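Structure data (mmCIF, C-alpha atoms) from protein_5.cif:
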```
data_work
loop_
_atom_site.label_atom_id
_atom_site.label_comp_id
_atom_site.auth_asym_id
_atom_site.auth_seq_id
_atom_site.Cartn_x
_atom_site.Cartn_y
_atom_site.Cartn_z
CA MET A 1 86.67 116.35 100.62
CA ALA A 2 83.53 114.61 101.93
CA LEU A 3 82.77 111.40 100.07
CA PRO A 4 79.18 110.85 98.79
CA ASP A 5 76.90 110.30 101.78
CA ILE A 6 75.42 107.04 100.49
CA PHE A 7 73.49 104.50 102.58
CA SER A 8 76.37 102.10 103.28
CA ARG A 9 78.62 104.94 104.41
CA ARG A 10 75.91 106.36 106.69
CA LYS A 11 75.39 102.88 108.15
CA ARG A 12 79.10 102.40 108.86
CA ARG A 13 79.23 105.83 110.49
CA ALA A 14 76.18 105.09 112.64
CA ASN A 15 77.79 101.83 113.77
CA GLY A 16 80.94 103.68 114.78
CA GLU A 17 83.04 102.06 112.07
CA HIS A 18 85.98 104.27 111.22
CA ALA A 19 89.70 103.79 110.70
CA ASP A 20 91.63 104.73 113.83
CA VAL A 21 94.38 102.17 113.18
CA TYR A 22 96.02 102.15 109.78
CA THR A 23 97.56 99.36 107.75
CA TYR A 24 100.55 99.94 105.49
CA ASP A 25 101.40 96.65 103.82
CA ASP A 26 98.17 95.85 102.03
CA ILE A 27 96.17 97.98 99.61
CA PRO A 28 92.77 96.35 99.02
CA ASN A 29 91.53 95.82 95.49
CA LYS A 30 88.55 98.15 96.02
CA LEU A 31 90.87 101.05 96.88
CA ARG A 32 93.12 100.27 93.90
CA VAL A 33 90.11 100.41 91.58
CA GLN A 34 88.95 103.70 93.11
CA ILE A 35 92.41 105.22 92.65
CA ILE A 36 92.52 104.14 89.00
CA GLN A 37 89.08 105.68 88.50
CA ILE A 38 90.25 108.99 89.97
CA ILE A 39 93.28 109.06 87.67
CA PHE A 40 91.21 108.19 84.59
CA GLU A 41 88.63 110.85 85.45
CA VAL A 42 91.38 113.46 85.10
CA LEU A 43 93.74 112.12 82.45
CA GLY A 44 91.19 110.14 80.45
CA ARG A 45 92.06 107.23 78.17
CA TYR A 46 95.41 107.41 76.43
CA ASP A 47 95.47 109.72 73.43
CA TYR A 48 98.84 110.53 71.87
CA TYR A 49 97.85 114.11 71.04
CA LYS A 50 95.77 115.01 74.11
CA ASN A 51 97.38 113.27 77.06
CA GLY A 52 100.20 111.14 75.69
CA GLY A 53 102.81 113.11 77.63
CA PRO A 54 101.42 112.50 81.13
CA TRP A 55 100.64 108.84 80.53
CA ASN A 56 104.04 108.13 78.99
CA PHE A 57 105.77 109.97 81.84
CA VAL A 58 103.97 107.86 84.44
CA VAL A 59 104.54 104.50 82.81
CA ASN A 60 108.12 105.14 81.70
CA THR A 61 109.07 106.42 85.16
CA ILE A 62 107.72 103.32 86.92
CA ARG A 63 109.17 100.96 84.30
CA LYS A 64 112.62 102.43 84.89
CA GLU A 65 112.29 102.32 88.68
CA LYS A 66 111.24 98.66 88.56
CA GLY A 67 113.83 97.84 85.92
CA VAL A 68 111.35 96.32 83.44
CA PHE A 69 110.32 96.97 79.86
CA GLU A 70 106.62 96.43 80.63
CA LEU A 71 104.75 96.81 83.89
CA PHE A 72 102.04 94.28 83.10
CA ARG A 73 100.94 92.48 79.94
CA VAL A 74 97.38 91.37 79.23
CA GLY A 75 97.71 91.16 75.46
CA TYR A 76 99.45 92.62 72.42
CA GLY A 77 98.88 96.23 71.46
CA GLN A 78 97.74 97.47 74.87
CA GLU A 79 98.08 101.19 75.47
CA VAL A 80 100.10 102.52 78.40
CA ASP A 81 97.00 103.54 80.38
CA ILE A 82 95.80 99.93 80.39
CA GLU A 83 99.30 98.71 81.20
CA PHE A 84 99.41 101.07 84.19
CA SER A 85 95.94 100.26 85.52
CA ASN A 86 96.48 96.49 85.27
CA TRP A 87 99.82 96.87 86.99
CA ILE A 88 98.24 98.86 89.88
CA LEU A 89 95.64 96.09 90.27
CA ASN A 90 98.21 93.29 90.34
CA GLU A 91 101.42 94.69 91.86
CA LYS A 92 102.33 92.83 95.08
CA ASP A 93 104.89 95.32 96.40
CA THR A 94 102.96 98.01 98.29
CA ASP A 95 105.84 100.49 98.10
CA PHE A 96 105.83 100.31 94.30
CA VAL A 97 102.05 100.86 94.22
CA ILE A 98 102.46 103.96 96.39
CA ASP A 99 105.28 105.10 94.10
CA GLY A 100 102.99 104.67 91.11
CA ILE A 101 100.23 106.72 92.71
CA GLU A 102 102.70 109.47 93.61
CA VAL A 103 104.09 109.64 90.07
CA ALA A 104 100.57 109.64 88.61
CA PHE A 105 99.49 112.56 90.79
CA LEU A 106 102.62 114.52 89.91
CA ALA A 107 101.69 113.98 86.25
CA ILE A 108 98.11 115.09 86.98
CA PHE A 109 99.42 118.28 88.61
CA ASP A 110 101.44 119.12 85.49
CA PHE A 111 98.55 118.13 83.20
CA LEU A 112 96.08 120.43 84.95
CA GLY A 113 98.52 123.31 85.27
CA ALA A 114 98.89 125.95 87.94
CA PHE A 115 95.66 127.71 86.94
CA ARG A 116 93.62 124.67 87.97
CA LYS A 117 95.18 124.29 91.41
CA ASP A 118 91.76 124.17 93.08
CA GLN A 119 90.74 121.24 90.90
CA PHE A 120 93.97 119.42 91.75
CA GLU A 121 93.46 119.96 95.48
CA LYS A 122 89.93 118.58 95.18
CA ILE A 123 91.26 115.46 93.46
CA CYS A 124 93.94 115.03 96.16
CA SER A 125 91.27 115.40 98.84
CA GLU A 126 89.26 112.60 97.29
CA LEU A 127 92.34 110.38 97.06
CA ASN A 128 93.16 111.00 100.72
CA ALA A 129 89.56 110.41 101.78
CA ARG A 130 89.55 107.08 99.94
CA PHE A 131 92.76 106.02 101.69
CA GLN A 132 91.36 107.08 105.06
CA GLU A 133 88.09 105.23 104.58
CA ALA A 134 89.98 102.08 103.57
CA GLY A 135 92.16 102.35 106.68
CA VAL A 136 95.35 102.47 104.62
CA GLY A 137 97.83 104.89 106.16
CA TYR A 138 99.02 107.07 103.30
CA GLU A 139 98.03 110.41 101.84
CA PHE A 140 99.23 112.79 99.13
CA ASN A 141 100.57 115.97 100.72
CA SER A 142 102.95 118.70 99.50
CA GLY A 143 103.75 116.87 96.28
CA GLN A 144 104.42 113.39 97.62
CA MET A 145 102.84 110.41 99.32
CA VAL A 146 103.45 110.43 103.08
CA GLN A 147 102.78 107.71 105.62
CA ILE A 148 100.34 108.37 108.44
CA SER A 149 101.14 106.62 111.71
CA GLN A 150 98.34 108.09 113.81
CA LYS A 151 95.50 110.20 112.46
CA VAL A 152 95.09 112.74 115.27
CA LEU A 153 98.81 113.47 115.44
CA HIS A 154 98.99 113.66 111.68
CA ASP A 155 96.11 116.12 111.38
CA GLN A 156 97.07 118.31 114.31
CA VAL A 157 100.88 118.24 114.11
CA VAL A 158 102.32 116.96 110.83
CA LYS A 159 99.92 118.75 108.46
CA PRO A 160 100.32 122.16 110.15
CA ALA A 161 104.10 121.75 110.04
CA LEU A 162 104.04 120.99 106.32
CA GLN A 163 101.79 123.97 105.69
CA LEU A 164 104.01 126.34 107.68
CA ILE A 165 107.22 125.35 105.89
CA ASN A 166 105.57 125.43 102.48
CA ASP A 167 107.32 128.77 102.07
CA LYS A 168 110.36 129.65 99.99
CA ARG A 169 112.19 130.71 103.15
CA PHE A 170 111.90 127.20 104.51
CA LYS A 171 112.44 125.31 101.22
CA SER A 172 115.41 123.36 102.60
CA ALA A 173 113.54 122.43 105.77
CA GLN A 174 110.51 121.36 103.73
CA ASP A 175 112.65 119.17 101.46
CA GLU A 176 114.40 117.59 104.44
CA TYR A 177 111.20 116.91 106.36
CA LEU A 178 109.47 115.43 103.30
CA GLU A 179 112.56 113.30 102.70
CA ALA A 180 112.29 112.07 106.31
CA HIS A 181 108.74 110.92 105.54
CA SER A 182 109.81 109.30 102.30
CA LEU A 183 112.60 107.40 104.06
CA PHE A 184 110.20 106.39 106.85
CA ARG A 185 107.74 105.05 104.27
CA ASN A 186 110.53 102.96 102.76
CA SER A 187 111.58 101.61 106.20
CA LYS A 188 114.87 103.53 106.20
CA PHE A 189 114.37 104.63 109.77
CA GLU A 190 117.93 105.64 110.63
CA GLN A 191 118.16 107.93 107.60
CA SER A 192 114.73 109.33 108.50
CA LEU A 193 116.08 110.42 111.90
CA VAL A 194 118.94 112.24 110.21
CA GLU A 195 116.60 114.17 107.92
CA CYS A 196 114.39 115.11 110.90
CA GLY A 197 117.40 116.63 112.61
CA LYS A 198 118.40 118.51 109.48
CA ALA A 199 114.88 119.94 109.06
CA PHE A 200 114.83 121.09 112.68
CA GLU A 201 118.22 122.80 112.31
CA SER A 202 117.23 124.38 108.99
CA VAL A 203 114.17 126.04 110.55
CA LEU A 204 116.29 127.43 113.39
CA LYS A 205 118.91 128.71 110.94
CA VAL A 206 116.33 130.53 108.81
CA ILE A 207 114.80 132.19 111.86
CA GLY A 208 118.20 132.96 113.36
CA SER A 209 119.56 134.44 110.15
CA ALA A 210 116.55 136.74 109.79
CA ARG A 211 116.87 137.83 113.41
CA LYS A 212 120.67 138.35 113.24
CA TRP A 213 121.57 135.70 115.80
CA ASN A 214 125.29 135.11 116.29
CA VAL A 215 125.29 131.73 114.59
CA GLY A 216 127.00 130.26 111.55
CA PRO A 217 125.72 127.98 108.79
CA ASN A 218 127.54 124.97 110.24
CA ASP A 219 126.66 125.48 113.91
CA PRO A 220 125.17 122.44 115.70
CA ALA A 221 121.67 122.31 117.07
CA SER A 222 122.83 123.02 120.63
CA LYS A 223 124.31 126.39 119.63
CA LEU A 224 121.23 127.27 117.58
CA ILE A 225 118.96 126.50 120.52
CA ALA A 226 121.14 128.53 122.89
CA ALA A 227 120.99 131.47 120.49
CA ALA A 228 117.18 131.23 120.39
CA PHE A 229 117.08 131.75 124.16
CA ASN A 230 120.03 134.15 124.55
CA SER A 231 118.81 136.45 121.79
CA GLY A 232 115.47 136.97 123.50
CA PHE A 233 113.57 135.11 120.78
CA ILE A 234 112.03 133.42 123.79
CA PRO A 235 111.99 136.37 126.24
CA THR A 236 113.20 136.23 129.84
CA TYR A 237 109.76 136.39 131.40
CA MET A 238 108.77 133.32 129.40
CA GLN A 239 111.93 131.29 129.94
CA ALA A 240 110.86 129.77 133.27
CA GLN A 241 107.67 128.64 131.60
CA PHE A 242 109.67 127.29 128.67
CA ASN A 243 112.44 125.55 130.63
CA SER A 244 110.78 122.27 129.83
CA LEU A 245 110.59 123.32 126.19
CA ARG A 246 114.32 124.08 126.12
CA SER A 247 115.00 120.68 127.65
CA THR A 248 112.80 119.08 125.02
CA LEU A 249 114.54 120.92 122.21
CA GLU A 250 118.04 120.10 123.44
CA SER A 251 117.40 116.50 124.42
CA GLY A 252 114.70 115.71 121.89
CA VAL A 253 115.14 115.97 118.14
CA PRO A 254 118.94 116.46 117.97
CA ALA A 255 119.72 114.01 120.77
CA VAL A 256 117.74 111.15 119.22
CA ARG A 257 119.29 111.95 115.84
CA ASN A 258 122.85 111.99 117.24
CA LYS A 259 122.37 108.82 119.29
CA MET A 260 120.62 106.74 116.66
CA GLY A 261 121.33 108.25 113.27
CA GLY A 262 123.83 111.07 113.26
CA HIS A 263 127.09 109.14 113.46
CA GLY A 264 128.63 105.92 112.20
CA ALA A 265 127.45 102.67 113.75
CA GLY A 266 130.97 101.29 114.13
CA SER A 267 131.41 97.52 114.32
CA THR A 268 127.99 96.90 115.87
CA PRO A 269 125.03 97.08 113.48
CA ARG A 270 122.42 99.56 114.67
CA THR A 271 118.69 99.02 114.38
CA VAL A 272 116.26 101.93 114.61
CA ASP A 273 112.75 100.78 115.44
CA ARG A 274 109.80 102.00 113.43
CA HIS A 275 108.02 103.42 116.49
CA LEU A 276 111.08 105.53 117.39
CA ALA A 277 111.25 106.95 113.86
CA ALA A 278 107.50 107.71 113.97
CA TYR A 279 107.92 109.48 117.31
CA GLN A 280 110.74 111.54 115.85
CA LEU A 281 108.65 112.57 112.85
CA HIS A 282 105.90 113.83 115.17
CA GLN A 283 108.29 115.48 117.63
CA THR A 284 110.05 117.30 114.79
CA ALA A 285 106.73 118.50 113.38
CA ALA A 286 105.59 119.77 116.79
CA VAL A 287 108.82 121.72 117.31
CA ILE A 288 108.65 123.19 113.79
CA VAL A 289 105.07 124.36 114.39
CA PHE A 290 106.08 126.05 117.64
CA LEU A 291 109.18 127.75 116.20
CA VAL A 292 107.54 129.07 113.03
CA GLU A 293 104.35 130.19 114.76
CA HIS A 294 106.35 131.89 117.52
CA ASP A 295 108.52 133.60 114.91
CA LYS A 296 105.42 134.97 113.18
CA ALA A 297 103.84 136.08 116.45
CA THR A 298 106.93 138.03 117.60
CA LEU A 299 107.87 139.87 114.41
#
```

Please express what this file holds, its structure, as structure tokens.
Amino acid sequence: MALPDIFSRRKRRANGEHADVYTYDDIPNKLRVQIIQIIFEVLGRYDYYKNGGPWNFVVNTIRKEKGVFELFRVGYGQEVDIEFSNWILNEKDTDFVIDGIEVAFLAIFDFLGAFRKDQFEKICSELNARFQEAGVGYEFNSGQMVQISQKVLHDQVVKPALQLINDKRFKSAQDEYLEAHSLFRNSKFEQSLVECGKAFESVLKVIGSARKWNVGPNDPASKLIAAAFNSGFIPTYMQAQFNSLRSTLESGVPAVRNKMGGHGAGSTPRTVDRHLAAYQLHQTAAVIVFLVEHDKATL
């Protein structure tokens, strides 16, 4: 969604001001206010009969996750919509704020219903545009907030991957890849690597099962990759061209997962750096895009 083309925005654009580098630990007050305004534009002020369900779901969910009876108090008798908005404005923990936004947009999706999907997508587009303009690296995608580490890679690799596996055939892969993003956002980088590997294997298993490859449900990535080549999924005349691809597949996603996240750490604590986890998220997305697109092109 394009934001209103007002003077200040045109001026920033003319001066070349745009967010190429994202922040993750600070959500400015202006963006918080804009997000609250988006939510209120859809849900409206709290009314027990009209929208009590969505508002109560949002506030009760966040209260339970934070382990509190009230999110924020500004006076006696405040309704839950005011409690929520004041909490969003004052919460210091960025992860909890992102959680609150995610829960609110899930409630909005249910409130609007499946027949107003276009309206929901428009609202999500505005939310994402507001985040982008503020230079804060999150967006709502496929039912959850995901962290953006680099805009070009996100737009050209991660988004297409999410769109391709938004298919009942790839439900497991979609859940695993979204979980990898969720873990990454919460700085659980080792677990994120594991979920990346699982998503990669799930995509191969779906394709292999449909194409009658000689593989089992518990086969490792190396056997799945070998089957992809041996079965002719990648034909002989293309294999020289794709030797580097095979090397990438075999030594890329599964190897990083096995080395850094797939097995016990033993007596030495293991630290997975954020940049390695980000690389793995992008590498996994790129491989998923290739495999699913190639599967479609060769049916």

Check: Can you list, as a list in words, the residues that the PyMOL selection byres ((chain A and resi 141) around 9) selects here?
Finding: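 On this input, the PyMOL selection byres ((chain A and resi 141) around 9) captures Cys124, Asn128, Glu139, Phe140, Ser142, Gly143, Gln144, Met145, Val146, Lys159 and Leu162 of chain A.
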
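The neighbours of Val103 of chain A here are the residues that come within 8 Å of it, using all atoms listed in the file and leaving out any residue fewer than 5 positions away in the same chain; they are Val58, Thr61 and Ile62 of chain A.
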
Margin query: Can you pull out the residues contacting segment 89-95 of chain A? Cut-off 12 Å, using all atoms listed in the file, and skip same-chain residues under 4 positions away; I want them as a ChimeraX atom specification.
Written below: /A:23-37,62,65-66,71-74,82-85,99-102,136-138,145-147,182-187

Notebook entry, point to check: For Gln283 of chain A, which of A:Asp118, A:Leu3, A:Arg169, A:Val157 is the closest residue, counting only C-alpha atoms?
Noted result: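 Closest candidate: A:Val157.
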
Margin query: I'd like to know which of A:Ser231, A:Ser172, A:Ser192, A:Ser202 is closest to Pro217 of chain A, using only C-alpha atoms.
Written below: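 Looking at the shortest contact to Pro217 of chain A, the residue is A:Ser202.
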
Next item on the list: Figure out the distance between atom CA of Lys296 of chain A and atom CA of Trp213 of chain A, please, to one decimal in Å.
Entry: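 A separation of 16.4 Å between them.
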
Check: Distance atom CA of Phe57 of chain A-atom CA of Gln119 of chain A, one decimal place?
Finding: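 Answer for the atom CA of Phe57 of chain A to atom CA of Gln119 of chain A separation: 20.9 Å.
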
Next item on the list: Find, counting all atoms listed in the file, the residue in A:Val292, A:Ala210, A:Leu299, A:Ile39 that gets nearest to Phe111 of chain A.
Entry: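 Going through A:Val292, A:Ala210, A:Leu299, A:Ile39 one by one, the smallest distance to Phe111 of chain A is for A:Ile39.
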
Notebook entry, point to check: Where does the PyMOL selection byres ((chain A and resi 170) around 10) land in this file, that is, which residues does it pick, as a list in words?
Noted result: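 After applying the PyMOL selection byres ((chain A and resi 170) around 10), what remains is Leu164, Ile165, Asn166, Asp167, Lys168, Arg169, Lys171, Ser172, Ala173, Gln174, Asp175, Glu176, Ala199, Ser202, Val203, Leu204, Lys205, Val206, Ile207 and Val292 of chain A.
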
May I have the residues from that selection written out with C-alpha atoms, as a PDB file, in the coordinates of the input?
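Listed below is the output, again.pdb:
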```
ATOM      1  CA  LEU A 164     104.010 126.340 107.680  1.00  0.00           C
ATOM      2  CA  ILE A 165     107.220 125.350 105.890  1.00  0.00           C
ATOM      3  CA  ASN A 166     105.570 125.430 102.480  1.00  0.00           C
ATOM      4  CA  ASP A 167     107.320 128.770 102.070  1.00  0.00           C
ATOM      5  CA  LYS A 168     110.360 129.650  99.990  1.00  0.00           C
ATOM      6  CA  ARG A 169     112.190 130.710 103.150  1.00  0.00           C
ATOM      7  CA  LYS A 171     112.440 125.310 101.220  1.00  0.00           C
ATOM      8  CA  SER A 172     115.410 123.360 102.600  1.00  0.00           C
ATOM      9  CA  ALA A 173     113.540 122.430 105.770  1.00  0.00           C
ATOM     10  CA  GLN A 174     110.510 121.360 103.730  1.00  0.00           C
ATOM     11  CA  ASP A 175     112.650 119.170 101.460  1.00  0.00           C
ATOM     12  CA  GLU A 176     114.400 117.590 104.440  1.00  0.00           C
ATOM     13  CA  ALA A 199     114.880 119.940 109.060  1.00  0.00           C
ATOM     14  CA  SER A 202     117.230 124.380 108.990  1.00  0.00           C
ATOM     15  CA  VAL A 203     114.170 126.040 110.550  1.00  0.00           C
ATOM     16  CA  LEU A 204     116.290 127.430 113.390  1.00  0.00           C
ATOM     17  CA  LYS A 205     118.910 128.710 110.940  1.00  0.00           C
ATOM     18  CA  VAL A 206     116.330 130.530 108.810  1.00  0.00           C
ATOM     19  CA  ILE A 207     114.800 132.190 111.860  1.00  0.00           C
ATOM     20  CA  VAL A 292     107.540 129.070 113.030  1.00  0.00           C
TER      21      VAL A 292
END
```

Item checked: Residue among A:Gln78, A:Lys64, A:Ile148, A:Glu41 lying closest to Ile123 of chain A, counting only C-alpha atoms -> A:Glu41

Notebook entry, point to check: So how far away is atom CA of Ala107 of chain A from atom CA of Ala278 of chain A, in Å?
Noted result: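 Going from atom CA of Ala278 of chain A over to atom CA of Ala107 of chain A, I get 29.0 Å.
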
Next item on the list: Considering all atoms listed in the file, return as a ChimeraX atom specification whatever protein or nucleic-acid residues lie within 10 Å of Asp295 of chain A, sequence-local ones (same chain, fewer than 3 positions apart) excluded.
Entry: /A:207-208,211,233-234,289-292,298-299

As lines of an AutoDock Vina configuration file, what would the box around segment 214-224 of chain A look like: edges along x, y and z, 3 Å added on every side, centre and edge lengths in Å to one decimal?
```
center_x = 124.4
center_y = 128.7
center_z = 114.7
size_x = 12.3
size_y = 18.8
size_z = 17.8
```

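Distances here use all atoms listed in the file; by that measure, the residue among A:Cys196, A:Thr284, A:Ile108, A:Ser222 closest to Glu121 of chain A is A:Ile108.
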
Next item on the list: Find the residue from A:Val68, A:Ile88, A:Glu79, A:Asn60 that sits nearest to Arg45 of chain A; use only C-alpha atoms when measuring.
Entry: A:Glu79
